[in-house]
Amino acid sequence: MEILQSAAALQAQTEKWRRDGQRIGLVPTMGALHDGHLRLVQAAAAENDVVVVSIFVNPTQFNNPDDFRLYPRLPEADAALLEPVGCTALFLPSVEEMYPQPSKLRFDFGSLEQVMEGAHRPGHFNGVATVVSKLFHLSRPHRAYFGQKDLQQVAIIRQLVADLSFDLELIIFPTVREADGLAMSSRNRRLSADARQIAPQLYKALQLGAKLLEEKRPVASVKNDVLQFLAMEETIVLEYFEVADAHTLQPIERISKSQDVALCIAAWLTEVRLIDNLLISDKGL
Ligand code: PAF
């Protein structure tokens with residue numbers, strides 16, 4: 001596995017692969033890799049000739065300086081995990097390499113970013129769209145891999161790909177969970193032992209919400225019950241719990257028959273902010 005640290009090296013390598021007719025898979029990450037990331041890399045290795053994994057803790061998508069400072073950074077351990085699962089090249093740029101000058105371009109995704117993560121983390125999706133566009137331009141992948149845990153990010157990147165005519169296929173993988181249901185996330189490493197014990201309650205809350213919706217309970221009453229369930233755990237400080245259209249991500253008050261629905265949650269467990277979601281298709285609703 002090659003380690004590339006400059007944008008020029010990544011561009012030169014991926015251009016050569018393209019000239020040689022190689023199919024390129026890209027897995028963008030911020031490192032502190034877990035099984036969820038590794039499954040994306042394995043899938044990319046199975047479906048492409050070469051796989052680029054990027055590890056870059058992107059400062060422009062953090063609206064909270066402490067979150068950026070404390071985000072886990074484990075480049076050596078990450079590199080050791082990547083080769084055995086089929087990574088061909090690890091792109092590990094510095095902040096200066098990715099942002100030689102402050103970027104002025106601003107994205108506006110309209111209603112897609114005015115809810116949930118976009119509403120609670122101003123500027124977050126602008127930073128995501130900026131860095132993902134840079135990564136797409138530098139590596140020109142045939143396929144790019146993302147996890148469903150960041151559901152709103154997926155919707156934003158879909159829009160980005162469509163609006164800017166990126167010639168690539170997006171592959172979205174289901175959320176990978178720990179045995180107790182906690183969605184895998186690099187931020188889980190920062191949970192205290194107590195918070196780690198309580199964290200699976202977020203998934204339980206989503207499951208409760210899904211069950212109540214399947215029983216055809218009105219959305220407002222489902223939200224109420226889920227909020228009460230979460231209030232029993234004082235370590236959990238809820239930021240939002242939403243019942244939303246799975247594609248537009250707009251909140252839903254009444255579910256229509258053919259609608260795909262996403263239950264989405266964000267909460268603080270002491271200092272650590274976690275998100276999760278659960279998709280329910282129209283079946284059974
Ligand atoms: O999902 C992430 O880890 C990041 O938002 C991404 C897509 C790598 C962009 O920095």
# chains A, B, ... in the order shown; residues from 1 in each chain; ligands from 1
call {"tool": "residues_near_ligand", "arguments": {"ligand": "ligand 1", "cutoff": "10 Å", "atoms": "only C-alpha atoms and all ligand atoms", "output": "number ranges by chain"}}
result
A: 27-33, 37, 53-62, 124-125, 127-133, 135, 145-151, 153-154, 157, 185-186
call {"tool": "closest_atom_pairs", "arguments": {"of": "region 121-215 of chain A", "to": "region 258-275 of chain A", "cutoff": "7 Å", "atoms": "only C-alpha atoms", "output": "Markdown table"}}
result
| residue | atom | partner | partner_atom | distance |
| --- | --- | --- | --- | --- |
| A:Arg190 | CA | A:Val272 | CA | 6.8 |
| A:Leu191 | CA | A:Val272 | CA | 6.5 |
| A:Ala195 | CA | A:Leu269 | CA | 6.0 |
| A:Leu206 | CA | A:Leu263 | CA | 6.3 |
call {"tool": "atom_distance", "arguments": {"atom1": "CA of Gln152 (chain A)", "atom2": "CA of Glu117 (chain A)"}}
result
7.3 Å
call {"tool": "atom_distance", "arguments": {"atom1": "CA of Lys204 (chain A)", "atom2": "CA of Asn64 (chain A)"}}
result
27.3 Å
call {"tool": "residues_around", "arguments": {"residues": "region 89-103 of chain A", "least_positions_apart": "4", "cutoff": "6 Å", "atoms": "only C-alpha atoms", "output": "list in words"}}
result
Met1, Glu2, Ile3, Leu4, Gln5, Ser6, Val52, Val53, Ser54 and Ile55 of chain A
call {"tool": "write_last_selection", "arguments": {"atoms": "all heavy atoms", "output": "PDB file, in the first residue's frame"}}
result
ATOM      1  N   MET A   1       0.847  -1.201   0.000  1.00  0.00           N
ATOM      2  CA  MET A   1       0.000   0.000   0.000  1.00  0.00           C
ATOM      3  C   MET A   1       0.885   1.254   0.000  1.00  0.00           C
ATOM      4  O   MET A   1       1.795   1.389   0.801  1.00  0.00           O
ATOM      5  CB  MET A   1      -0.863  -0.013   1.277  1.00  0.00           C
ATOM      6  CG  MET A   1      -1.825   1.143   1.377  1.00  0.00           C
ATOM      7  SD  MET A   1      -2.816   1.061   2.887  1.00  0.00           S
ATOM      8  CE  MET A   1      -1.652   1.608   4.155  1.00  0.00           C
ATOM      9  N   GLU A   2       0.576   2.136  -0.932  1.00  0.00           N
ATOM     10  CA  GLU A   2       1.329   3.394  -1.002  1.00  0.00           C
ATOM     11  C   GLU A   2       0.717   4.425  -0.078  1.00  0.00           C
ATOM     12  O   GLU A   2      -0.517   4.457   0.075  1.00  0.00           O
ATOM     13  CB  GLU A   2       1.181   3.957  -2.411  1.00  0.00           C
ATOM     14  CG  GLU A   2       2.277   3.584  -3.355  1.00  0.00           C
ATOM     15  CD  GLU A   2       2.061   4.316  -4.660  1.00  0.00           C
ATOM     16  OE1 GLU A   2       1.236   3.821  -5.441  1.00  0.00           O
ATOM     17  OE2 GLU A   2       2.684   5.364  -4.846  1.00  0.00           O
ATOM     18  N   ILE A   3       1.549   5.282   0.493  1.00  0.00           N
ATOM     19  CA  ILE A   3       0.997   6.408   1.258  1.00  0.00           C
ATOM     20  C   ILE A   3       1.304   7.681   0.482  1.00  0.00           C
ATOM     21  O   ILE A   3       2.474   7.962   0.166  1.00  0.00           O
ATOM     22  CB  ILE A   3       1.576   6.455   2.686  1.00  0.00           C
ATOM     23  CG1 ILE A   3       1.202   5.145   3.404  1.00  0.00           C
ATOM     24  CG2 ILE A   3       1.032   7.670   3.446  1.00  0.00           C
ATOM     25  CD1 ILE A   3       1.469   5.099   4.877  1.00  0.00           C
ATOM     26  N   LEU A   4       0.252   8.399   0.120  1.00  0.00           N
ATOM     27  CA  LEU A   4       0.409   9.632  -0.670  1.00  0.00           C
ATOM     28  C   LEU A   4       0.049  10.804   0.220  1.00  0.00           C
ATOM     29  O   LEU A   4      -1.001  10.788   0.869  1.00  0.00           O
ATOM     30  CB  LEU A   4      -0.528   9.599  -1.885  1.00  0.00           C
ATOM     31  CG  LEU A   4      -0.438   8.348  -2.772  1.00  0.00           C
ATOM     32  CD1 LEU A   4      -1.548   8.338  -3.816  1.00  0.00           C
ATOM     33  CD2 LEU A   4       0.931   8.284  -3.449  1.00  0.00           C
ATOM     34  N   GLN A   5       0.928  11.809   0.240  1.00  0.00           N
ATOM     35  CA  GLN A   5       0.641  12.932   1.142  1.00  0.00           C
ATOM     36  C   GLN A   5       0.336  14.221   0.409  1.00  0.00           C
ATOM     37  O   GLN A   5      -0.159  15.167   0.999  1.00  0.00           O
ATOM     38  CB  GLN A   5       1.804  13.114   2.122  1.00  0.00           C
ATOM     39  CG  GLN A   5       1.837  11.909   3.075  1.00  0.00           C
ATOM     40  CD  GLN A   5       2.831  12.061   4.191  1.00  0.00           C
ATOM     41  OE1 GLN A   5       3.998  12.318   3.931  1.00  0.00           O
ATOM     42  NE2 GLN A   5       2.376  11.887   5.414  1.00  0.00           N
ATOM     43  N   SER A   6       0.624  14.245  -0.890  1.00  0.00           N
ATOM     44  CA  SER A   6       0.344  15.501  -1.605  1.00  0.00           C
ATOM     45  C   SER A   6      -0.784  15.291  -2.613  1.00  0.00           C
ATOM     46  O   SER A   6      -0.981  14.185  -3.142  1.00  0.00           O
ATOM     47  CB  SER A   6       1.607  16.004  -2.316  1.00  0.00           C
ATOM     48  OG  SER A   6       1.882  15.192  -3.431  1.00  0.00           O
ATOM     49  N   VAL A  52      -8.531   3.834  -3.220  1.00  0.00           N
ATOM     50  CA  VAL A  52      -7.911   4.943  -2.491  1.00  0.00           C
ATOM     51  C   VAL A  52      -8.743   5.164  -1.233  1.00  0.00           C
ATOM     52  O   VAL A  52      -9.963   5.317  -1.314  1.00  0.00           O
ATOM     53  CB  VAL A  52      -7.927   6.245  -3.333  1.00  0.00           C
ATOM     54  CG1 VAL A  52      -7.348   7.409  -2.521  1.00  0.00           C
ATOM     55  CG2 VAL A  52      -7.161   6.054  -4.628  1.00  0.00           C
ATOM     56  N   VAL A  53      -8.071   5.188  -0.087  1.00  0.00           N
ATOM     57  CA  VAL A  53      -8.743   5.602   1.155  1.00  0.00           C
ATOM     58  C   VAL A  53      -8.124   6.935   1.550  1.00  0.00           C
ATOM     59  O   VAL A  53      -6.895   7.056   1.586  1.00  0.00           O
ATOM     60  CB  VAL A  53      -8.543   4.574   2.282  1.00  0.00           C
ATOM     61  CG1 VAL A  53      -9.169   5.068   3.589  1.00  0.00           C
ATOM     62  CG2 VAL A  53      -9.139   3.222   1.894  1.00  0.00           C
ATOM     63  N   SER A  54      -8.960   7.923   1.814  1.00  0.00           N
ATOM     64  CA  SER A  54      -8.410   9.189   2.305  1.00  0.00           C
ATOM     65  C   SER A  54      -8.683   9.280   3.798  1.00  0.00           C
ATOM     66  O   SER A  54      -9.764   8.887   4.275  1.00  0.00           O
ATOM     67  CB  SER A  54      -9.016  10.384   1.566  1.00  0.00           C
ATOM     68  OG  SER A  54     -10.399  10.452   1.804  1.00  0.00           O
ATOM     69  N   ILE A  55      -7.684   9.767   4.510  1.00  0.00           N
ATOM     70  CA  ILE A  55      -7.858  10.066   5.940  1.00  0.00           C
ATOM     71  C   ILE A  55      -7.503  11.528   6.113  1.00  0.00           C
ATOM     72  O   ILE A  55      -6.343  11.931   5.923  1.00  0.00           O
ATOM     73  CB  ILE A  55      -6.957   9.186   6.824  1.00  0.00           C
ATOM     74  CG1 ILE A  55      -7.353   7.709   6.682  1.00  0.00           C
ATOM     75  CG2 ILE A  55      -7.062   9.626   8.288  1.00  0.00           C
ATOM     76  CD1 ILE A  55      -6.576   6.772   7.591  1.00  0.00           C
TER      77      ILE A  55
END
call {"tool": "closest_residue", "arguments": {"among": "A:Tyr203, A:Leu105, A:Arg140, A:Asp67", "to": "Thr175 (chain A)", "atoms": "only C-alpha atoms"}}
result
A:Tyr203
call {"tool": "select_by_dssp", "arguments": {"residues": "region 34-264 of chain A", "states": "strand (DSSP E)", "output": "ChimeraX atom specification"}}
result
/A:50-55,89-91,143-147,169-173,236-245,261-264
call {"tool": "write_last_selection", "arguments": {"atoms": "C-alpha atoms", "output": "compact mmCIF listing (two decimals), in the first residue's frame"}}
result
# COMPACT_ATOMS: atom_id res chain seq x y z
CA VAL A 50 -7.65 -0.11 -7.08
CA VAL A 51 -8.84 1.53 -3.86
CA VAL A 52 -7.91 4.94 -2.49
CA VAL A 53 -8.74 5.60 1.16
CA SER A 54 -8.41 9.19 2.31
CA ILE A 55 -7.86 10.07 5.94
CA ALA A 89 -3.23 3.87 -1.72
CA LEU A 90 -3.76 5.83 1.47
CA PHE A 91 -4.14 9.57 0.92
CA ARG A 143 -17.15 4.70 -7.39
CA ALA A 144 -17.20 6.42 -3.99
CA TYR A 145 -18.28 4.73 -0.78
CA PHE A 146 -20.12 6.24 2.20
CA GLY A 147 -21.99 4.91 5.23
CA GLU A 169 -21.33 6.05 -8.77
CA LEU A 170 -22.17 6.53 -5.12
CA ILE A 171 -22.33 3.36 -3.08
CA ILE A 172 -24.03 3.61 0.30
CA PHE A 173 -23.55 0.95 2.94
CA ILE A 236 -28.32 11.64 27.37
CA VAL A 237 -28.87 15.24 26.33
CA LEU A 238 -31.02 15.05 23.25
CA GLU A 239 -30.38 17.50 20.43
CA TYR A 240 -33.09 16.23 18.11
CA PHE A 241 -35.23 13.25 17.33
CA GLU A 242 -36.94 13.52 13.95
CA VAL A 243 -39.29 11.49 11.84
CA ALA A 244 -38.35 12.55 8.33
CA ASP A 245 -38.80 11.65 4.69
CA VAL A 261 -39.23 7.19 6.42
CA ALA A 262 -36.08 7.83 8.41
CA LEU A 263 -35.93 8.15 12.17
CA CYS A 264 -32.96 10.35 13.03
call {"tool": "select_by_dssp", "arguments": {"residues": "region 10-59 of chain A", "states": "alpha helix (DSSP H)", "output": "number ranges by chain"}}
result
A: 10-19, 35-47
call {"tool": "atom_distance", "arguments": {"atom1": "CA of Leu38 (chain A)", "atom2": "CA of Asp180 (chain A)"}}
result
19.4 Å
call {"tool": "residues_around", "arguments": {"residues": "Gly86 (chain A)", "least_positions_apart": "5", "cutoff": "7 Å", "atoms": "only C-alpha atoms", "output": "ChimeraX atom specification"}}
result
/A:41-42,45
call {"tool": "residues_around", "arguments": {"residues": "Lys223 (chain A)", "least_positions_apart": "3", "cutoff": "9 Å", "atoms": "only C-alpha atoms", "output": "ChimeraX atom specification"}}
result
/A:209,218-220,226-228,241-243
call {"tool": "write_last_selection", "arguments": {"atoms": "C-alpha atoms", "output": "mmCIF file, in the first residue's frame"}}
result
data_model
loop_
_atom_site.group_PDB
_atom_site.id
_atom_site.type_symbol
_atom_site.label_atom_id
_atom_site.label_comp_id
_atom_site.auth_asym_id
_atom_site.auth_seq_id
_atom_site.Cartn_x
_atom_site.Cartn_y
_atom_site.Cartn_z
ATOM 1 C CA GLY A 209 -39.997 4.862 17.382
ATOM 2 C CA PRO A 218 -49.507 9.275 14.942
ATOM 3 C CA VAL A 219 -46.077 10.806 14.462
ATOM 4 C CA ALA A 220 -46.529 13.405 17.221
ATOM 5 C CA VAL A 226 -39.458 8.458 22.316
ATOM 6 C CA LEU A 227 -38.627 11.707 24.104
ATOM 7 C CA GLN A 228 -40.020 10.299 27.347
ATOM 8 C CA PHE A 241 -35.227 13.253 17.330
ATOM 9 C CA GLU A 242 -36.935 13.520 13.953
ATOM 10 C CA VAL A 243 -39.286 11.491 11.845
#
